[in-house]
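Enquirer: Below is the file coords_5.pdb, which contains PDB, C-alpha atoms.
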```pdb
ATOM      1  CA  MET A   1     -44.905 -53.690 -84.049
ATOM      2  CA  VAL A   2     -43.569 -51.907 -87.090
ATOM      3  CA  SER A   3     -41.692 -53.956 -89.664
ATOM      4  CA  ILE A   4     -39.096 -52.547 -92.043
ATOM      5  CA  THR A   5     -38.737 -54.382 -95.358
ATOM      6  CA  ASP A   6     -35.291 -55.358 -96.667
ATOM      7  CA  PRO A   7     -35.333 -52.676 -99.409
ATOM      8  CA  ALA A   8     -36.275 -50.050 -96.797
ATOM      9  CA  GLN A   9     -33.502 -51.248 -94.477
ATOM     10  CA  GLU A  10     -30.960 -50.938 -97.300
ATOM     11  CA  TYR A  11     -32.227 -47.469 -98.205
ATOM     12  CA  LEU A  12     -32.186 -46.237 -94.589
ATOM     13  CA  ALA A  13     -28.724 -47.683 -93.922
ATOM     14  CA  GLU A  14     -27.371 -45.901 -97.010
ATOM     15  CA  LEU A  15     -29.134 -42.648 -96.080
ATOM     16  CA  LEU A  16     -27.729 -42.763 -92.543
ATOM     17  CA  LYS A  17     -24.216 -43.491 -93.845
ATOM     18  CA  LYS A  18     -24.395 -40.281 -95.938
ATOM     19  CA  GLN A  19     -25.050 -38.239 -92.784
ATOM     20  CA  ASP A  20     -21.467 -38.975 -91.663
ATOM     21  CA  VAL A  21     -22.413 -38.925 -87.957
ATOM     22  CA  GLU A  22     -21.057 -41.709 -85.743
ATOM     23  CA  GLY A  23     -23.890 -43.639 -84.083
ATOM     24  CA  ILE A  24     -26.735 -41.939 -85.968
ATOM     25  CA  ALA A  25     -29.969 -43.943 -86.023
ATOM     26  CA  VAL A  26     -33.611 -43.448 -86.911
ATOM     27  CA  ARG A  27     -36.511 -42.725 -84.571
ATOM     28  CA  ILE A  28     -40.025 -43.910 -85.354
ATOM     29  CA  PHE A  29     -43.007 -42.245 -83.699
ATOM     30  CA  ILE A  30     -46.586 -41.141 -84.252
ATOM     31  CA  LEU A  31     -47.685 -37.557 -83.679
ATOM     32  CA  ASP A  32     -51.234 -37.337 -82.252
ATOM     33  CA  ALA A  33     -51.458 -41.128 -82.027
ATOM     34  CA  GLY A  34     -54.973 -42.515 -81.752
ATOM     35  CA  THR A  35     -56.617 -39.414 -83.222
ATOM     36  CA  PRO A  36     -57.819 -38.495 -86.719
ATOM     37  CA  ARG A  37     -54.749 -36.214 -87.016
ATOM     38  CA  ALA A  38     -52.259 -39.042 -86.412
ATOM     39  CA  GLU A  39     -49.098 -38.805 -88.486
ATOM     40  CA  THR A  40     -46.511 -41.579 -88.602
ATOM     41  CA  CYS A  41     -42.971 -40.201 -88.699
ATOM     42  CA  ILE A  42     -39.431 -41.415 -89.132
ATOM     43  CA  SER A  43     -36.539 -39.078 -88.422
ATOM     44  CA  PHE A  44     -32.796 -39.031 -87.925
ATOM     45  CA  CYS A  45     -31.801 -39.693 -84.335
ATOM     46  CA  ARG A  46     -28.360 -38.433 -83.426
ATOM     47  CA  PRO A  47     -26.678 -39.872 -80.314
ATOM     48  CA  GLY A  48     -28.363 -38.328 -77.268
ATOM     49  CA  GLU A  49     -31.623 -37.509 -79.078
ATOM     50  CA  GLU A  50     -33.258 -40.812 -78.205
ATOM     51  CA  LYS A  51     -35.596 -40.981 -75.204
ATOM     52  CA  ALA A  52     -34.881 -43.146 -72.177
ATOM     53  CA  ASP A  53     -38.004 -45.290 -72.657
ATOM     54  CA  ASP A  54     -37.624 -45.779 -76.444
ATOM     55  CA  GLU A  55     -37.547 -49.397 -77.565
ATOM     56  CA  VAL A  56     -34.420 -50.164 -79.608
ATOM     57  CA  LYS A  57     -34.518 -52.469 -82.643
ATOM     58  CA  GLN A  58     -31.357 -53.429 -84.505
ATOM     59  CA  TYR A  59     -31.406 -53.726 -88.280
ATOM     60  CA  LYS A  60     -28.769 -54.302 -90.959
ATOM     61  CA  GLY A  61     -26.501 -51.269 -90.639
ATOM     62  CA  PHE A  62     -28.538 -49.161 -88.198
ATOM     63  CA  ASP A  63     -30.612 -49.003 -85.034
ATOM     64  CA  ALA A  64     -34.203 -47.772 -84.798
ATOM     65  CA  PHE A  65     -35.522 -46.103 -81.640
ATOM     66  CA  ILE A  66     -39.265 -46.592 -81.342
ATOM     67  CA  ASP A  67     -41.275 -44.177 -79.224
ATOM     68  CA  GLN A  68     -42.793 -46.085 -76.294
ATOM     69  CA  HIS A  69     -46.144 -44.265 -76.464
ATOM     70  CA  SER A  70     -46.429 -45.004 -80.209
ATOM     71  CA  ILE A  71     -45.846 -48.764 -79.960
ATOM     72  CA  PRO A  72     -49.519 -49.846 -79.677
ATOM     73  CA  PHE A  73     -50.385 -47.673 -82.682
ATOM     74  CA  LEU A  74     -47.536 -49.137 -84.775
ATOM     75  CA  GLU A  75     -49.044 -52.621 -84.717
ATOM     76  CA  ASP A  76     -49.083 -53.960 -88.306
ATOM     77  CA  ALA A  77     -47.142 -50.894 -89.553
ATOM     78  CA  VAL A  78     -44.806 -51.402 -92.516
ATOM     79  CA  ILE A  79     -41.974 -49.204 -93.765
ATOM     80  CA  ASP A  80     -41.093 -50.014 -97.363
ATOM     81  CA  PHE A  81     -38.956 -48.624-100.172
ATOM     82  CA  GLN A  82     -39.920 -48.928-103.818
ATOM     83  CA  LYS A  83     -37.445 -48.031-106.551
ATOM     84  CA  ASP A  84     -38.758 -46.035-109.477
ATOM     85  CA  SER A  85     -37.484 -43.887-112.353
ATOM     86  CA  MET A  86     -36.936 -40.944-109.981
ATOM     87  CA  GLY A  87     -34.868 -43.025-107.543
ATOM     88  CA  GLY A  88     -37.510 -44.377-105.222
ATOM     89  CA  GLN A  89     -39.902 -43.631-102.425
ATOM     90  CA  LEU A  90     -39.955 -44.573 -98.759
ATOM     91  CA  THR A  91     -43.493 -45.293 -97.573
ATOM     92  CA  ILE A  92     -44.885 -45.793 -94.103
ATOM     93  CA  LYS A  93     -48.224 -47.530 -93.695
ATOM     94  CA  ALA A  94     -49.601 -47.621 -90.163
ATOM     95  CA  PRO A  95     -53.222 -48.792 -90.324
ATOM     96  CA  ASN A  96     -53.695 -48.553 -86.562
ATOM     97  CA  SER A  97     -52.194 -45.090 -86.024
ATOM     98  CA  ARG A  98     -55.569 -43.352 -85.850
ATOM     99  CA  MET A  99     -57.344 -46.030 -83.859
ATOM    100  CA  PRO A 100     -57.485 -45.324 -80.143
ATOM    101  CA  LYS A 101     -55.885 -48.034 -78.062
ATOM    102  CA  LEU A 102     -57.408 -47.487 -74.663
ATOM    103  CA  THR A 103     -57.194 -49.666 -71.612
ATOM    104  CA  GLU A 104     -57.778 -48.958 -67.958
ATOM    105  CA  ASP A 105     -54.039 -48.235 -67.718
ATOM    106  CA  SER A 106     -54.061 -45.697 -70.591
ATOM    107  CA  PRO A 107     -52.719 -42.242 -69.696
ATOM    108  CA  LEU A 108     -55.321 -39.622 -68.808
ATOM    109  CA  GLU A 109     -54.312 -37.612 -71.911
ATOM    110  CA  ASP A 110     -55.193 -40.535 -74.198
ATOM    111  CA  ARG A 111     -58.598 -41.021 -72.585
ATOM    112  CA  VAL A 112     -59.423 -37.291 -72.813
ATOM    113  CA  ASN A 113     -58.288 -37.158 -76.450
ATOM    114  CA  TYR A 114     -60.375 -40.222 -77.293
ATOM    115  CA  ILE A 115     -63.553 -38.523 -76.026
ATOM    116  CA  LEU A 116     -62.694 -35.192 -77.652
ATOM    117  CA  TYR A 117     -61.921 -36.635 -81.094
ATOM    118  CA  ASN A 118     -64.536 -39.371 -81.224
ATOM    119  CA  GLU A 119     -67.501 -37.929 -79.338
ATOM    120  CA  ILE A 120     -67.242 -34.151 -78.934
ATOM    121  CA  ASN A 121     -65.477 -32.866 -82.067
ATOM    122  CA  PRO A 122     -67.886 -34.542 -84.529
ATOM    123  CA  GLY A 123     -70.704 -32.446 -83.003
ATOM    124  CA  LEU A 124     -68.654 -29.247 -82.945
ATOM    125  CA  ALA A 125     -67.646 -29.791 -86.575
ATOM    126  CA  ALA A 126     -71.244 -29.064 -87.633
ATOM    127  CA  HIS A 127     -70.570 -25.465 -86.549
ATOM    128  CA  GLY A 128     -67.046 -25.385 -87.952
ATOM    129  CA  GLY A 129     -65.495 -25.798 -84.504
ATOM    130  CA  HIS A 130     -63.199 -28.146 -82.645
ATOM    131  CA  VAL A 131     -61.591 -28.531 -79.247
ATOM    132  CA  SER A 132     -58.201 -29.985 -78.360
ATOM    133  CA  LEU A 133     -56.359 -30.888 -75.184
ATOM    134  CA  GLU A 134     -53.518 -28.508 -74.342
ATOM    135  CA  GLU A 135     -52.337 -30.284 -71.199
ATOM    136  CA  ILE A 136     -53.309 -32.128 -68.058
ATOM    137  CA  PHE A 137     -52.536 -29.748 -65.187
ATOM    138  CA  GLU A 138     -51.943 -30.885 -61.579
ATOM    139  CA  SER A 139     -52.701 -34.465 -62.734
ATOM    140  CA  SER A 140     -56.502 -33.959 -62.787
ATOM    141  CA  VAL A 141     -57.330 -30.689 -64.600
ATOM    142  CA  ALA A 142     -57.915 -30.855 -68.368
ATOM    143  CA  VAL A 143     -56.859 -27.633 -70.088
ATOM    144  CA  LEU A 144     -58.605 -27.248 -73.459
ATOM    145  CA  ARG A 145     -58.368 -24.918 -76.444
ATOM    146  CA  PHE A 146     -61.300 -24.242 -78.753
ATOM    147  CA  GLY A 147     -60.796 -23.358 -82.402
ATOM    148  CA  GLY A 148     -62.643 -22.702 -85.640
ATOM    149  CA  GLY A 149     -66.261 -21.667 -85.114
ATOM    150  CA  CYS A 150     -65.925 -22.180 -81.342
ATOM    151  CA  GLN A 151     -63.260 -19.498 -80.902
ATOM    152  CA  GLY A 152     -65.060 -16.305 -79.921
ATOM    153  CA  CYS A 153     -68.486 -17.956 -80.080
ATOM    154  CA  GLY A 154     -71.039 -16.412 -77.715
ATOM    155  CA  MET A 155     -72.229 -19.895 -76.696
ATOM    156  CA  VAL A 156     -68.817 -21.327 -75.817
ATOM    157  CA  ASP A 157     -69.531 -21.232 -72.064
ATOM    158  CA  VAL A 158     -72.619 -23.381 -72.587
ATOM    159  CA  THR A 159     -70.668 -25.707 -74.884
ATOM    160  CA  LEU A 160     -67.883 -25.997 -72.320
ATOM    161  CA  LYS A 161     -69.993 -26.487 -69.176
ATOM    162  CA  ASP A 162     -73.014 -28.390 -70.491
ATOM    163  CA  GLY A 163     -71.284 -30.339 -73.223
ATOM    164  CA  VAL A 164     -67.560 -30.860 -73.050
ATOM    165  CA  GLU A 165     -67.021 -30.691 -69.289
ATOM    166  CA  LYS A 166     -70.063 -32.826 -68.500
ATOM    167  CA  SER A 167     -69.009 -35.520 -71.006
ATOM    168  CA  LEU A 168     -65.393 -35.613 -69.887
ATOM    169  CA  MET A 169     -66.056 -35.626 -66.146
ATOM    170  CA  SER A 170     -68.821 -38.235 -66.337
ATOM    171  CA  GLN A 171     -66.639 -40.625 -68.348
ATOM    172  CA  ILE A 172     -63.313 -39.907 -66.646
ATOM    173  CA  PRO A 173     -63.837 -39.684 -62.867
ATOM    174  CA  GLN A 174     -60.136 -38.817 -62.285
ATOM    175  CA  LEU A 175     -60.775 -35.342 -63.750
ATOM    176  CA  THR A 176     -61.603 -32.681 -61.170
ATOM    177  CA  GLU A 177     -61.906 -29.691 -63.500
ATOM    178  CA  VAL A 178     -61.987 -28.650 -67.154
ATOM    179  CA  ARG A 179     -60.545 -25.249 -68.135
ATOM    180  CA  ASP A 180     -60.633 -23.265 -71.362
ATOM    181  CA  VAL A 181     -57.515 -21.255 -72.315
ATOM    182  CA  THR A 182     -58.851 -19.984 -75.640
ATOM    183  CA  ASP A 183     -58.631 -16.279 -76.460
ATOM    184  CA  HIS A 184     -62.318 -15.703 -77.208
ATOM    185  CA  SER A 185     -61.804 -12.031 -78.113
ATOM    186  CA  VAL A 186     -60.975 -13.225 -81.648
ATOM    187  CA  LYS A 187     -64.406 -13.537 -83.237
ATOM    188  CA  GLU A 188     -63.854 -13.614 -87.022
ATOM    189  CA  ASN A 189     -64.795 -17.289 -87.403
ATOM    190  CA  ALA A 190     -67.247 -17.496 -84.490
ATOM    191  CA  TYR A 191     -70.340 -19.549 -85.266
ATOM    192  CA  TYR A 192     -72.567 -17.510 -82.963
ATOM    193  CA  GLN A 193     -71.694 -13.922 -82.005
TER     194      GLN A 193
END
```
Just dump the structure as structure tokens.

Expert:
Amino acid sequence: MVSITDPAQEYLAELLKKQDVEGIAVRIFILDAGTPRAETCISFCRPGEEKADDEVKQYKGFDAFIDQHSIPFLEDAVIDFQKDSMGGQLTIKAPNSRMPKLTEDSPLEDRVNYILYNEINPGLAAHGGHVSLEEIFESSVAVLRFGGGCQGCGMVDVTLKDGVEKSLMSQIPQLTEVRDVTDHSVKENAYYQ
């Protein structure tokens, strides 16, 4: 799990005190965890902004709410503060934030994203395209959005049916359907028109 060095704890406690909000804390989470776009974040967390399943850690002068879904990706993460001539800088190093942490119990979204980012998108990138998961609908339908060279491409139906859908449904038997919600009338970046 994430560790916060003593200098970082002092800095965060002082920063929170300046907010002049009773019970304010920090929240630590990773956007797009387990993907190449993963971004480790720390934000203010006013009372009531925490989530019910957040894990709470108590530090000197403040509490930290840690996003439950982000916990496996925060393994070996370190938040540090280094003083310098400009005052200092808070740094967050999370070496496992981009590494997929999949188990048989992983949410369907994580398993779909793993296949999209690690198997499908590298091939689409050769044509300037990419695909991302918008949502899991009715617990078994993957709703996707194509972008870059795939948006408006004349071959997107083939890519969807013979590539993306086939890969996802063969590797994730819980999926019953794959849908595309991309507006393909926009063709300026299309790889093949």

Enquirer: What would the selection look like, as an mmCIF file with C-alpha atoms, in the coordinates of the input, if the PyMOL selection byres ((chain A and resi 49-63) around 10) were run on the coordinates I just shared?

Expert:
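Result written to out_23.cif:
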```cif
data_model
loop_
_atom_site.group_PDB
_atom_site.id
_atom_site.type_symbol
_atom_site.label_atom_id
_atom_site.label_comp_id
_atom_site.auth_asym_id
_atom_site.auth_seq_id
_atom_site.Cartn_x
_atom_site.Cartn_y
_atom_site.Cartn_z
ATOM 1 C CA ILE A 4 -39.096 -52.547 -92.043
ATOM 2 C CA ASP A 6 -35.291 -55.358 -96.667
ATOM 3 C CA GLN A 9 -33.502 -51.248 -94.477
ATOM 4 C CA GLU A 10 -30.960 -50.938 -97.300
ATOM 5 C CA LEU A 12 -32.186 -46.237 -94.589
ATOM 6 C CA ALA A 13 -28.724 -47.683 -93.922
ATOM 7 C CA GLU A 14 -27.371 -45.901 -97.010
ATOM 8 C CA LEU A 16 -27.729 -42.763 -92.543
ATOM 9 C CA LYS A 17 -24.216 -43.491 -93.845
ATOM 10 C CA GLY A 23 -23.890 -43.639 -84.083
ATOM 11 C CA ILE A 24 -26.735 -41.939 -85.968
ATOM 12 C CA ALA A 25 -29.969 -43.943 -86.023
ATOM 13 C CA VAL A 26 -33.611 -43.448 -86.911
ATOM 14 C CA ARG A 27 -36.511 -42.725 -84.571
ATOM 15 C CA ILE A 28 -40.025 -43.910 -85.354
ATOM 16 C CA PHE A 29 -43.007 -42.245 -83.699
ATOM 17 C CA PHE A 44 -32.796 -39.031 -87.925
ATOM 18 C CA CYS A 45 -31.801 -39.693 -84.335
ATOM 19 C CA ARG A 46 -28.360 -38.433 -83.426
ATOM 20 C CA PRO A 47 -26.678 -39.872 -80.314
ATOM 21 C CA GLY A 48 -28.363 -38.328 -77.268
ATOM 22 C CA ALA A 64 -34.203 -47.772 -84.798
ATOM 23 C CA PHE A 65 -35.522 -46.103 -81.640
ATOM 24 C CA ILE A 66 -39.265 -46.592 -81.342
ATOM 25 C CA ASP A 67 -41.275 -44.177 -79.224
ATOM 26 C CA GLN A 68 -42.793 -46.085 -76.294
ATOM 27 C CA HIS A 69 -46.144 -44.265 -76.464
ATOM 28 C CA SER A 70 -46.429 -45.004 -80.209
ATOM 29 C CA ILE A 71 -45.846 -48.764 -79.960
#
```

Enquirer: Which residue out of A:Asp32, A:Asp84, A:Asp20, A:Glu119 has the minimum interatomic distance to Leu168 of chain A when only C-alpha atoms are used?

Expert: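 Between A:Asp32, A:Asp84, A:Asp20, A:Glu119, the residue approaching Leu168 of chain A most closely is A:Glu119.
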
Enquirer: Quick one: pull the distance between atom CA of Arg37 of chain A and atom CA of Gly128 of chain A, Å, one decimal.

Expert: 16.4 Å

Enquirer: Need the shell around Met1 of chain A: protein/DNA/RNA residues with any atom at most 6 Å away, counting only C-alpha atoms. Skip same-chain ones fewer than 6 positions apart. Format as a compact mmCIF listing (two decimals) with C-alpha atoms, in the frame of the given file?

Expert:
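File around28.txt, as written:
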```txt
# COMPACT_ATOMS: atom_id res chain seq x y z
CA LEU A 74 -47.54 -49.14 -84.78
CA GLU A 75 -49.04 -52.62 -84.72
CA ASP A 76 -49.08 -53.96 -88.31
```

Enquirer: Please indicate the distance in Å from atom CA of Gly129 of chain A to atom CA of Glu177 of chain A, rounded to one decimal place.

Expert: 21.7 Å

Enquirer: Since I can't run it myself right now, could you work out what the PyMOL selection byres ((chain A and resi 149-162) around 12) selects here and report it as a PyMOL selection string?

Expert: chain A and resi 116+120-121+123-132+142-148+163-170+177-193

Enquirer: Quick check, in Å to one decimal: how far apart do atom CA of Gln174 of chain A and atom CA of Asp105 of chain A lie?

Expert: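 Answer for the atom CA of Gln174 of chain A to atom CA of Asp105 of chain A separation: 12.5 Å.
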
Enquirer: Applied to the shown file, which residues does the PyMOL selection byres ((chain A and resi 138-140) around 6) return, written as a tab-separated table (two decimals) with C-alpha atoms, in the frame of the given file?

Expert:
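As written to disk, expr-v3.tsv reads:
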```
chain	number	residue	atom	x	y	z
A	136	ILE	CA	-53.31	-32.13	-68.06
A	137	PHE	CA	-52.54	-29.75	-65.19
A	141	VAL	CA	-57.33	-30.69	-64.60
A	175	LEU	CA	-60.78	-35.34	-63.75
A	176	THR	CA	-61.60	-32.68	-61.17
```

Enquirer: Between A:Gln19, A:Leu108, A:Lys93, A:Glu135, which has the minimum distance to Phe81 of chain A (counting only C-alpha atoms)?

Expert: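 Nearest candidate to Phe81 of chain A out of A:Gln19, A:Leu108, A:Lys93, A:Glu135: A:Lys93.
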